Each structure stands twice: as structure tokens, then as C-alpha cells.
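Encoded as C-alpha cells, the structure appears first; notes follow it.
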Amino acid sequence: MYLSLEHYERPSTVEECLRLLHHPDEEAAILAGGTELNVRGHEALERVVDIQGLGIDRLRVDRGEVRIGAGTTLARIAEHRGLAEPPMAALREAALAFANVAIQNRSTMGGRIMIDRPDQDLPPALAVLGARLRLAHFDRAEERVREVEIDYPTRDGARAALEGALLLEVIIPVDGTDASALRRMGRSAVDAPLATVAVAIRGDRVRVAANMQGSTADSLRLLEKTEALASAWLSRRPEGWRDEARASLAAELEAYGDDWASGEYRRDLGTTLGVRALAVLFGEEELS
Amino acid sequence: MKIELRVNDRDVSWDCEPHEFLTEVLRRNGLTGTKRGCESGDCGACAVMLDGREAPSCIVLAAQAAGHEITTIESIGSFEAPHAIQEAFVDRTAIQCGYCTPGMVIAAKALIDRNPAPSEREVRRHLAGHVCRCTGHVKPVAAVLEAARGMEGES
Ligand SMILES: Cc1cc2nc3c(=O)[nH]c(=O)nc-3n(C[C@H](O)[C@H](O)[C@H](O)COP(=O)(O)OP(=O)(O)OC[C@H]3O[C@@H](n4cnc5c(N)ncnc54)[C@H](O)[C@@H]3O)c2cc1C
Ligand code: FES
Ligand code: FES
């Protein structure tokens, strides 16, 4: 819902897009699929700059990398054959699990990354897969566009790099990733997740990340102690590894807040999902 | 502003405001089969096909649809000659008040066009974003599966 929207623009170049966004006397925003912006809208927003004409909606898998244009929809990511292999399973699962089919058809990778919400499956998947982001900024002093590449923000404060930027592309290395998996649980098939855990084997390390619904702690967590344990299990897994993993996950996923479900419930859910995701990596459970 | 798009196989040029959503502009131009429901992307009542894929017209700005192809329920069968999906909804009594039905038929059409032999799981996934206040999903799911079976080999 918009109260003040007067201009809709559809630029065809990144430079034009960024110039329109940095108009000094107007409040403007990037519009991708619109499944967040058009719903939440903004009372004061006067201009939306639609990025569908920029040609940043391509998905390529080549030379050991997956390159996903920010305008690529989650439906296209879920359907892409090049992402059907085990290394990209966590990404595919994150795209497929989200909301309903009509929303998946409209929501873009860029829109998903740029909004910072704890009820998302994508951040843990991108974190364990070692994603990088290509961003464009408008440099006012020099009157030109600058492009930068950054690691997917996983640390406190790292999201500041996204401010004012146009996300162009997500780059995910495939070489060196043997497999990945994601487990999530929401209250219904189309609901936001209460907890999501993604895992990946990259080189000789297992990566583990979780996103937990709730508002009082950092949402995306990298579970380093569980990572160390699981990495050691790549060469030899003790019989009781599930119990050890459960204890480690429970210690790292503190319980907080009572949004949507109690903190303890979400922590226990995250713990179970984490064990099950690791079981997929170790070949003890089916991928989907 | 003026927008040019293709609606139900016809090129059209329509007036709209930058803040107007596609549901409103379709309805203003006589295509009232597209329903208003939650207006937040949650219920599926306003579903149309945008370039062959199901889209929630209540959260797509009309201006975003310019240059694209829209299919509404009006082009999927008629009262005299219903589409196989619509017939299956009637045969299976998958309708009570009918408010959710255009959206469900659009979802089913978009699914079957891409996947002529969907599994029950796939049908459920595609109807999951469609809320029916009267009945539920059991009969619509059965209707879509029946329609897909009946249409096999058609396209
Ligand atoms: C029914 C329903 C269920 C939903 N469920 C969830 C959920 O479970 N979890 C969740 O997190 N979200 C959810 N959403 C919100 C939304 O669908 C997603 O976050 C979506 O991925 C946003 O993508 P979009 O392309 O539609 O972005 P838009 O709505 O177009 O934009 C979202 C934000 O990102 C900015 N933006 C978009 N693209 C770029 C870019 N390339 N560079 C810089 N900035 C950009 C926009 O300015 C805006 O601020 C839901 C929405 C609906 C309608
Ligand atoms: S009215 Fe559009 S999804 Fe409910
Ligand atoms: S039949 Fe009445 S809402 Fe579905």
C-alpha cells in the first residue's frame, strides 16, 4: 500500500537506476518482485525504481561458480537443473521452501537478501556455501558507479556494506563444495520458518549455520563448535555422533524470545533440524 | 500513466496510476473474475498468470506488468464451454461459494501447462497458497488431479 507514490520508473542501465535512486528531494526505493515492498509499502515513498529492465536476472553455472543475478526469482532457482546437484542442495531447498508458489514466482534473490528478517531460509544456505555479493554504489563525489564484491554478511555490522547499494549478483563457488543440505520447519506448508539449519562440506570442513525466528538475538548464527566436531567426523564418525551433535547444537542455539513459539521450542527444533541436516551430509538420510 | 501489455491474447493500452495494483486495473477494465481477498499475497483469490506463471495480482503494481502477458480466469473456458479444470471442479463439488475458485483454477492451469502429469504432492504445493473459506483442499486437489488425467495428451 502506498500513500505518496507518484513515480514508477523502469531504467535500462545500472547507472540510470542509481541516479534515479539518489534524487536529492525525493524518497525512492528499488522495486524487484515487490512481494515485500508492495505489501509493506511506505507512507512517504514517492518513487519506485523497478529493476526488471537491467538484465540482472540471469542464472549461470560455469567455471566452478554459480552466478545468480539479483533479479532471478526463487522459482527459477528452485527449478534450475544446474542447481539440482548435491553441492547446491541447500540453496535449492531454501528457494523451494519459501511461502507459496505465486510468491516464489515473484520474489527475487536480491529482494530476499536485502531485507533482513530472521524468518528466512536463504541466509544460512548462503552462509554455508560461502556466497559473495556483487554490489553497485553511486559515488556522489565522482559522479560515477562503483562496483564492489563482498562476502555474504555473516558478522555483526557487516550488513552496513549493503546500505544504499544495488545488489547485482550473488556468486557461489561450486568447486570445493561436496554436498550441502538444509532442514527447516514452519507452522504450516506456506508459513515462515521457525528455525532453519543449513550445512555444507567445503574442502575438509563442515559448515553449519542457523536462522531462528525471534527478535532478541542475532538471527543468523554460525555454529563454530558444531562445525569443528562435524569436521572431525568426516574421517571417522563415532557411533553416538547424533547425541554429541545434539548437545553441541543445543549449547550454541541459545533460547531467546517468545515470538511465534517459545524460545526453548525453537532451540529444540533447531537442534533436531541440525542433526537431521548433518545426517543428510553423512549419507544417513535422504536429501528431500 | 499509460501501460501497454497483452491481456488474454489481446494487446491493450490502459491508463493507471503508479500506485495502482494489477487487480484494480484488471477489474476496472471489466475483468472482474480476478477477486480481491487479503491484498497481501496470502490468500490466492487474485491470482492471474503473468508470462505463464501464477502471480498475486494484488501485490503486483499494474506498471510492473507493462510489457508482459497476463492471463485471467476470463480466458480459461466460459460458461458455455468450460475448461477441463473447471468441469472437474464442478464434477468433484470442489466449489461452495466459488470466491476462491478463479484463483485455484489459475493455479491449476499454470501447473498443468508446465507439468501435465503432476503428483498429488505437487498439486498440494501449488494450491497451498489458496485459502478456501468454505470447503478445504481435499476436493480441489482431487479435481486438479482428475483434470490433469483427463487432459493428458491434449497439448
Ligand atoms: C505471502 C508472503 C509470505 C512471505 N513470507 C516471507 C518469509 O517467510 N520470510 C521472509 O523473509 N519474507 C517473506 N515475505 C516477504 C518477501 O516475499 C520476501 O522477502 C521476498 O524475497 C522479497 O523479494 P522481492 O523481489 O519481492 O523484493 P521487493 O519487495 O521488490 O523488495 C524488498 C526490499 O529489497 C530491496 N531490493 C530488492 N532488490 C534489490 C536489489 N537488487 N538491490 C538492492 N535492494 C533491493 C527493495 O528496495 C526493498 O526494500 C513474504 C511475502 C509474502 C507476500
Ligand atoms: S488478494 Fe491477492 S493473495 Fe489475497
Ligand atoms: S468455495 Fe467459498 S471460498 Fe472456496
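Chain labels A, B, ... are given in the sequence in which chains occur in the C-alpha cells; within each chain residues are numbered consecutively from 1, and ligands are likewise numbered from 1 in the order shown.
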
Could you list, as a PyMOL selection string, all residues that come within 6 Å of ligand 3? Count only C-alpha atoms and all ligand atoms. chain B and resi 95-100+132-135

Keeping N, CA and C atoms for every residue in the selection just given, could you write it to a file as a compact mmCIF listing (two decimals), in the first residue's frame?
# COMPACT_ATOMS: atom_id res chain seq x y z
N ILE B 95 -16.42 -26.76 -5.17
CA ILE B 95 -16.83 -25.35 -5.07
C ILE B 95 -18.00 -25.23 -4.09
N GLN B 96 -17.95 -24.22 -3.22
CA GLN B 96 -19.17 -23.87 -2.48
C GLN B 96 -19.56 -22.44 -2.90
N CYS B 97 -19.03 -21.43 -2.25
CA CYS B 97 -19.42 -20.07 -2.67
C CYS B 97 -18.72 -19.68 -3.97
N GLY B 98 -17.55 -20.27 -4.24
CA GLY B 98 -16.86 -20.01 -5.50
C GLY B 98 -15.89 -18.85 -5.49
N TYR B 99 -15.74 -18.19 -4.35
CA TYR B 99 -14.89 -16.99 -4.32
C TYR B 99 -13.41 -17.34 -4.59
N CYS B 100 -12.99 -18.47 -4.06
CA CYS B 100 -11.58 -18.85 -4.23
C CYS B 100 -11.33 -19.56 -5.55
N CYS B 132 -9.41 -21.39 1.07
CA CYS B 132 -10.83 -21.53 0.80
C CYS B 132 -11.57 -21.43 2.13
N ARG B 133 -12.47 -20.45 2.21
CA ARG B 133 -13.18 -20.25 3.48
C ARG B 133 -14.29 -21.27 3.66
N CYS B 134 -14.76 -21.89 2.56
CA CYS B 134 -15.93 -22.76 2.66
C CYS B 134 -15.60 -24.24 2.78
N THR B 135 -14.73 -24.72 1.95
CA THR B 135 -14.56 -26.17 1.90
C THR B 135 -13.19 -26.56 2.43

Quick check: residues of chain A within 12 Å of chain B, only C-alpha atoms, returned as a PyMOL selection string. chain A and resi 1-10+31-43+45-53+73+75-76+79+96-107+188-192

Write out the residues from the selection above, keeping N, CA and C atoms, as a compact mmCIF listing (two decimals), in the first residue's frame.
# COMPACT_ATOMS: atom_id res chain seq x y z
N MET A 1 0.84 -1.20 0.00
CA MET A 1 0.00 0.00 0.00
C MET A 1 0.88 1.26 0.00
N TYR A 2 0.63 2.12 -0.93
CA TYR A 2 1.43 3.34 -0.99
C TYR A 2 0.51 4.55 -0.78
N LEU A 3 1.00 5.54 -0.05
CA LEU A 3 0.19 6.74 0.14
C LEU A 3 0.68 7.91 -0.71
N SER A 4 1.96 7.90 -1.06
CA SER A 4 2.50 9.08 -1.75
C SER A 4 3.18 8.75 -3.08
N LEU A 5 3.04 7.52 -3.53
CA LEU A 5 3.80 7.12 -4.72
C LEU A 5 3.32 7.85 -5.97
N GLU A 6 4.25 8.57 -6.59
CA GLU A 6 3.87 9.33 -7.78
C GLU A 6 4.62 8.92 -9.02
N HIS A 7 5.77 8.25 -8.82
CA HIS A 7 6.58 7.91 -10.00
C HIS A 7 6.96 6.44 -10.00
N TYR A 8 6.77 5.84 -11.15
CA TYR A 8 7.25 4.47 -11.37
C TYR A 8 8.26 4.57 -12.51
N GLU A 9 9.46 4.05 -12.28
CA GLU A 9 10.49 4.13 -13.32
C GLU A 9 10.99 2.72 -13.62
N ARG A 10 11.39 2.52 -14.88
CA ARG A 10 11.98 1.23 -15.24
C ARG A 10 13.24 1.49 -16.06
N LEU A 31 12.60 -1.43 -6.60
CA LEU A 31 11.48 -2.38 -6.64
C LEU A 31 11.93 -3.58 -7.47
N ALA A 32 11.86 -4.77 -6.84
CA ALA A 32 12.19 -6.00 -7.59
C ALA A 32 10.87 -6.74 -7.81
N GLY A 33 10.66 -7.87 -7.13
CA GLY A 33 9.39 -8.58 -7.29
C GLY A 33 8.23 -7.83 -6.64
N GLY A 34 8.53 -7.05 -5.63
CA GLY A 34 7.51 -6.26 -4.94
C GLY A 34 6.77 -7.03 -3.85
N THR A 35 7.17 -8.26 -3.57
CA THR A 35 6.40 -9.05 -2.59
C THR A 35 6.62 -8.59 -1.15
N GLU A 36 7.62 -7.75 -0.97
CA GLU A 36 7.81 -7.12 0.34
C GLU A 36 7.43 -5.63 0.23
N LEU A 37 8.06 -4.96 -0.70
CA LEU A 37 7.87 -3.51 -0.81
C LEU A 37 6.41 -3.15 -1.10
N ASN A 38 5.79 -3.85 -2.04
CA ASN A 38 4.40 -3.52 -2.40
C ASN A 38 3.41 -3.88 -1.29
N VAL A 39 3.80 -4.79 -0.41
CA VAL A 39 2.91 -5.17 0.68
C VAL A 39 3.08 -4.19 1.83
N ARG A 40 4.33 -4.01 2.25
CA ARG A 40 4.58 -3.09 3.37
C ARG A 40 4.44 -1.64 2.91
N GLY A 41 4.91 -1.40 1.66
CA GLY A 41 4.85 -0.05 1.11
C GLY A 41 5.55 0.95 2.01
N HIS A 42 5.16 2.16 1.91
CA HIS A 42 5.82 3.19 2.67
C HIS A 42 4.98 4.43 2.54
N GLU A 43 4.67 5.05 3.64
CA GLU A 43 3.81 6.24 3.57
C GLU A 43 4.44 7.35 2.73
N LEU A 45 7.05 7.13 0.52
CA LEU A 45 7.76 6.76 -0.72
C LEU A 45 7.12 7.43 -1.94
N GLU A 46 7.94 8.17 -2.69
CA GLU A 46 7.38 8.91 -3.83
C GLU A 46 7.73 8.26 -5.16
N ARG A 47 8.83 7.48 -5.16
CA ARG A 47 9.30 6.93 -6.44
C ARG A 47 9.76 5.49 -6.23
N VAL A 48 9.31 4.61 -7.11
CA VAL A 48 9.91 3.27 -7.11
C VAL A 48 10.67 3.08 -8.41
N VAL A 49 11.83 2.44 -8.28
CA VAL A 49 12.69 2.21 -9.44
C VAL A 49 12.74 0.71 -9.67
N ASP A 50 12.00 0.27 -10.68
CA ASP A 50 11.85 -1.15 -10.97
C ASP A 50 13.11 -1.64 -11.70
N ILE A 51 13.71 -2.73 -11.20
CA ILE A 51 14.98 -3.18 -11.79
C ILE A 51 14.79 -4.27 -12.84
N GLN A 52 13.56 -4.52 -13.27
CA GLN A 52 13.36 -5.63 -14.23
C GLN A 52 13.98 -5.36 -15.60
N GLY A 53 14.29 -4.09 -15.92
CA GLY A 53 14.89 -3.79 -17.22
C GLY A 53 16.41 -3.82 -17.23
N THR A 73 14.23 -15.01 -9.91
CA THR A 73 13.20 -15.36 -8.92
C THR A 73 13.56 -16.66 -8.20
N ALA A 75 11.61 -19.11 -7.76
CA ALA A 75 11.09 -20.24 -8.53
C ALA A 75 12.12 -20.71 -9.55
N ARG A 76 12.79 -19.77 -10.22
CA ARG A 76 13.78 -20.17 -11.22
C ARG A 76 14.99 -20.84 -10.56
N GLU A 79 14.02 -24.38 -9.76
CA GLU A 79 13.82 -25.26 -10.93
C GLU A 79 15.10 -25.50 -11.72
N LEU A 96 12.89 -23.34 -2.60
CA LEU A 96 11.68 -24.14 -2.77
C LEU A 96 10.77 -24.06 -1.55
N ALA A 97 11.36 -23.88 -0.39
CA ALA A 97 10.57 -23.96 0.85
C ALA A 97 9.77 -22.70 1.10
N PHE A 98 10.06 -21.65 0.36
CA PHE A 98 9.59 -20.33 0.75
C PHE A 98 8.15 -20.02 0.34
N ALA A 99 7.33 -19.60 1.30
CA ALA A 99 5.96 -19.09 1.09
C ALA A 99 5.17 -19.96 0.12
N ASN A 100 4.35 -19.34 -0.73
CA ASN A 100 3.56 -20.13 -1.67
C ASN A 100 4.12 -19.97 -3.09
N VAL A 101 3.59 -20.78 -4.02
CA VAL A 101 4.17 -20.82 -5.36
C VAL A 101 4.11 -19.46 -6.05
N ALA A 102 2.98 -18.75 -5.92
CA ALA A 102 2.85 -17.45 -6.58
C ALA A 102 3.90 -16.47 -6.05
N ILE A 103 4.17 -16.54 -4.77
CA ILE A 103 5.19 -15.63 -4.19
C ILE A 103 6.58 -16.06 -4.65
N GLN A 104 6.82 -17.37 -4.71
CA GLN A 104 8.12 -17.84 -5.24
C GLN A 104 8.34 -17.37 -6.67
N ASN A 105 7.25 -17.28 -7.44
CA ASN A 105 7.36 -16.84 -8.84
C ASN A 105 7.73 -15.36 -8.95
N ARG A 106 7.48 -14.59 -7.92
CA ARG A 106 7.73 -13.15 -7.97
C ARG A 106 8.96 -12.72 -7.15
N SER A 107 9.20 -13.39 -6.02
CA SER A 107 10.28 -12.95 -5.12
C SER A 107 11.64 -13.15 -5.77
N SER A 188 3.12 -24.13 9.09
CA SER A 188 2.34 -24.77 8.03
C SER A 188 3.21 -24.77 6.77
N ALA A 189 2.68 -25.40 5.71
CA ALA A 189 3.48 -25.54 4.48
C ALA A 189 3.87 -24.19 3.90
N VAL A 190 3.05 -23.16 4.12
CA VAL A 190 3.36 -21.87 3.50
C VAL A 190 3.86 -20.83 4.51
N ASP A 191 4.06 -21.25 5.75
CA ASP A 191 4.48 -20.30 6.77
C ASP A 191 5.98 -20.06 6.76
N ALA A 192 6.36 -18.90 7.31
CA ALA A 192 7.77 -18.60 7.50
C ALA A 192 8.37 -19.64 8.45

Arg144 of chain A environment, 12 Å, only C-alpha atoms, sequence neighbours closer than 4 positions dropped, as an mmCIF file with C-alpha atoms, in the first residue's frame:
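What ended up in out.cif:
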data_model
loop_
_atom_site.group_PDB
_atom_site.id
_atom_site.type_symbol
_atom_site.label_atom_id
_atom_site.label_comp_id
_atom_site.auth_asym_id
_atom_site.auth_seq_id
_atom_site.Cartn_x
_atom_site.Cartn_y
_atom_site.Cartn_z
ATOM 1 C CA VAL A 14 22.586 0.412 -13.637
ATOM 2 C CA GLU A 15 23.845 3.975 -13.774
ATOM 3 C CA GLU A 16 20.415 5.398 -14.627
ATOM 4 C CA CYS A 17 18.901 3.276 -11.872
ATOM 5 C CA LEU A 18 21.305 4.556 -9.221
ATOM 6 C CA ARG A 19 20.904 8.160 -10.363
ATOM 7 C CA HIS A 22 19.773 9.239 -5.407
ATOM 8 C CA ALA A 136 26.908 -1.251 -7.223
ATOM 9 C CA HIS A 137 27.122 2.074 -5.375
ATOM 10 C CA PHE A 138 26.736 5.561 -6.705
ATOM 11 C CA ASP A 139 29.734 7.684 -5.835
ATOM 12 C CA ARG A 140 28.328 11.214 -5.467
#

DSSP on the backbone, strand (DSSP E) only: what residues of segment 9-250 of chain A does that give? Format it as a VMD selection string. chain A and resid 9 28 to 31 47 to 50 59 to 62 65 to 69 132 to 139 144 to 151 166 to 173 177 to 186 193 to 202 205 to 212 220 to 222

Determine, counting only C-alpha atoms, which protein, DNA and RNA residues have an atom within 8 Å of an atom of Asp151 of chain A; residues of the same chain fewer than 4 positions away are not included. Present the result as a VMD selection string. chain A and resid 130 to 133

Secondary structure check, helix (DSSP H, G or I) residues of chain B, as number ranges by chain: B: 22-28, 57-59, 62-65, 73-75, 84-91, 101-114, 120-127, 138-151

I'd like the interatomic distance between atom CA of Ala110 of chain B and atom CA of Asp51 of chain B, to a tenth of an Å.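 Taking atom CA of Ala110 of chain B as the start and atom CA of Asp51 of chain B as the end point, the length is 9.9 Å.
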
Atom pair atom CA of Leu194 of chain A / atom CA of Leu91 of chain A: separation (Å):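 Going from atom CA of Leu194 of chain A over to atom CA of Leu91 of chain A, I get 17.9 Å.
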